[in-house]
Amino acid sequence: MGQQPKRSTAGAARSGAVLVVVENKRARHEFEVLDSFEAGLVLRGTEVKSLRDKQVSLDEAYGRIDDGEAFLVGARIEPYRHASIGNHEPTRRRKLLLRRMEIRKLTSKVQQKGLTLVPMRLYFDERGLAKVTLALCRGRQLHDKRAVLKKREAERDIARGW
């Protein structure tokens, strides 16, 4: 009798399932989402392995457009623990793969006052490629956050039948 093969996250990606690595839940509270885009990521080998281990944080990450190219800045991907000398820098800028028209659209929108690019979630798609969902967002004031929380609570109460 042979041993059963070890299941990995790559197998989930090959079977047509989307594997969510991390979601930025705090961003929905802090920002008002206006539009969203899907972008590929240019990663090194050890970064991909750390993503598969879910060793990533998007807490202080944001998108930036420089010279017609989009970058993910501030995302922390922990160094891969089994790598030796060829490990990556945890907070380096990572290039985002977007279409030229999307970059032009985002450039014009980001130049408007108060709009920013916020990574909402990082995941592996059906083909096993690392993707990030970027949202074009406007920051919320404290009173806006409270109003949104009250509205959600009221909707929850109505759904429960209270």
# chains A, B, ... in the order shown; residues from 1 in each chain; ligands from 1

call {"tool": "select_by_dssp", "arguments": {"residues": "segment 14-148 of chain A", "states": "alpha helix (DSSP H)", "output": "PyMOL selection string"}}
result
chain A and resi 14+25-30+45-52+100-110+142-148

call {"tool": "select_by_dssp", "arguments": {"residues": "chain A", "states": "strand (DSSP E or B)", "output": "VMD selection string"}}
result
chain A and resid 19 to 23 31 to 41 56 to 57 62 to 66 69 to 73 76 to 77 94 to 97 115 to 124 130 to 139

call {"tool": "residues_around", "arguments": {"residues": "Arg121 of chain A", "least_positions_apart": "3", "cutoff": "9 Å", "atoms": "only C-alpha atoms", "output": "tab-separated table (two decimals) with N, CA and C atoms, in the first residue's frame"}}
result
chain	number	residue	atom	x	y	z
A	20	VAL	N	-8.10	32.13	-1.01
A	20	VAL	CA	-7.88	33.46	-0.43
A	20	VAL	C	-6.78	33.36	0.61
A	21	VAL	N	-5.74	34.18	0.45
A	21	VAL	CA	-4.61	34.18	1.38
A	21	VAL	C	-4.91	35.11	2.54
A	22	VAL	N	-5.31	36.36	2.24
A	22	VAL	CA	-5.58	37.34	3.29
A	22	VAL	C	-6.60	38.35	2.77
A	23	GLU	N	-7.46	38.82	3.68
A	23	GLU	CA	-8.41	39.88	3.36
A	23	GLU	C	-8.16	41.06	4.28
A	24	ASN	N	-8.31	42.25	3.75
A	24	ASN	CA	-8.11	43.47	4.51
A	24	ASN	C	-9.48	43.94	5.01
A	25	LYS	N	-9.94	43.35	6.12
A	25	LYS	CA	-11.27	43.65	6.64
A	25	LYS	C	-11.36	45.05	7.22
A	58	LEU	N	-1.59	42.93	5.04
A	58	LEU	CA	-1.95	44.06	4.18
A	58	LEU	C	-2.36	45.27	4.99
A	131	LYS	N	-2.90	36.96	-7.14
A	131	LYS	CA	-3.65	38.15	-7.56
A	131	LYS	C	-3.98	38.99	-6.34
A	132	VAL	N	-4.18	40.27	-6.58
A	132	VAL	CA	-4.61	41.18	-5.53
A	132	VAL	C	-5.80	41.98	-6.06
A	133	THR	N	-6.80	42.18	-5.20
A	133	THR	CA	-7.94	43.03	-5.55
A	133	THR	C	-7.67	44.40	-4.97
A	134	LEU	N	-7.52	45.38	-5.85
A	134	LEU	CA	-7.29	46.77	-5.44
A	134	LEU	C	-8.61	47.51	-5.50

call {"tool": "atom_distance", "arguments": {"atom1": "atom CA of Lys145 of chain A", "atom2": "atom CA of Arg26 of chain A"}}
result
11.4 Å

call {"tool": "residues_around", "arguments": {"residues": "Lys109 of chain A", "least_positions_apart": "5", "cutoff": "12 Å", "atoms": "only C-alpha atoms", "output": "VMD selection string"}}
result
chain A and resid 34 to 35 64 to 65 102 to 104 114 to 117 135 to 138

call {"tool": "closest_residue", "arguments": {"among": "A:Glu89, A:Glu30, A:Glu153, A:Asp125", "to": "Ile77 of chain A", "atoms": "only C-alpha atoms"}}
result
A:Glu89

call {"tool": "atom_distance", "arguments": {"atom1": "atom CA of Val73 of chain A", "atom2": "atom CA of Arg127 of chain A"}}
result
24.9 Å

call {"tool": "closest_residue", "arguments": {"among": "A:Lys105, A:Lys49, A:Lys150, A:His88", "to": "Ser36 of chain A", "atoms": "only C-alpha atoms"}}
result
A:Lys105

call {"tool": "atom_distance", "arguments": {"atom1": "atom CA of Leu106 of chain A", "atom2": "atom CA of Ala61 of chain A"}}
result
16.8 Å
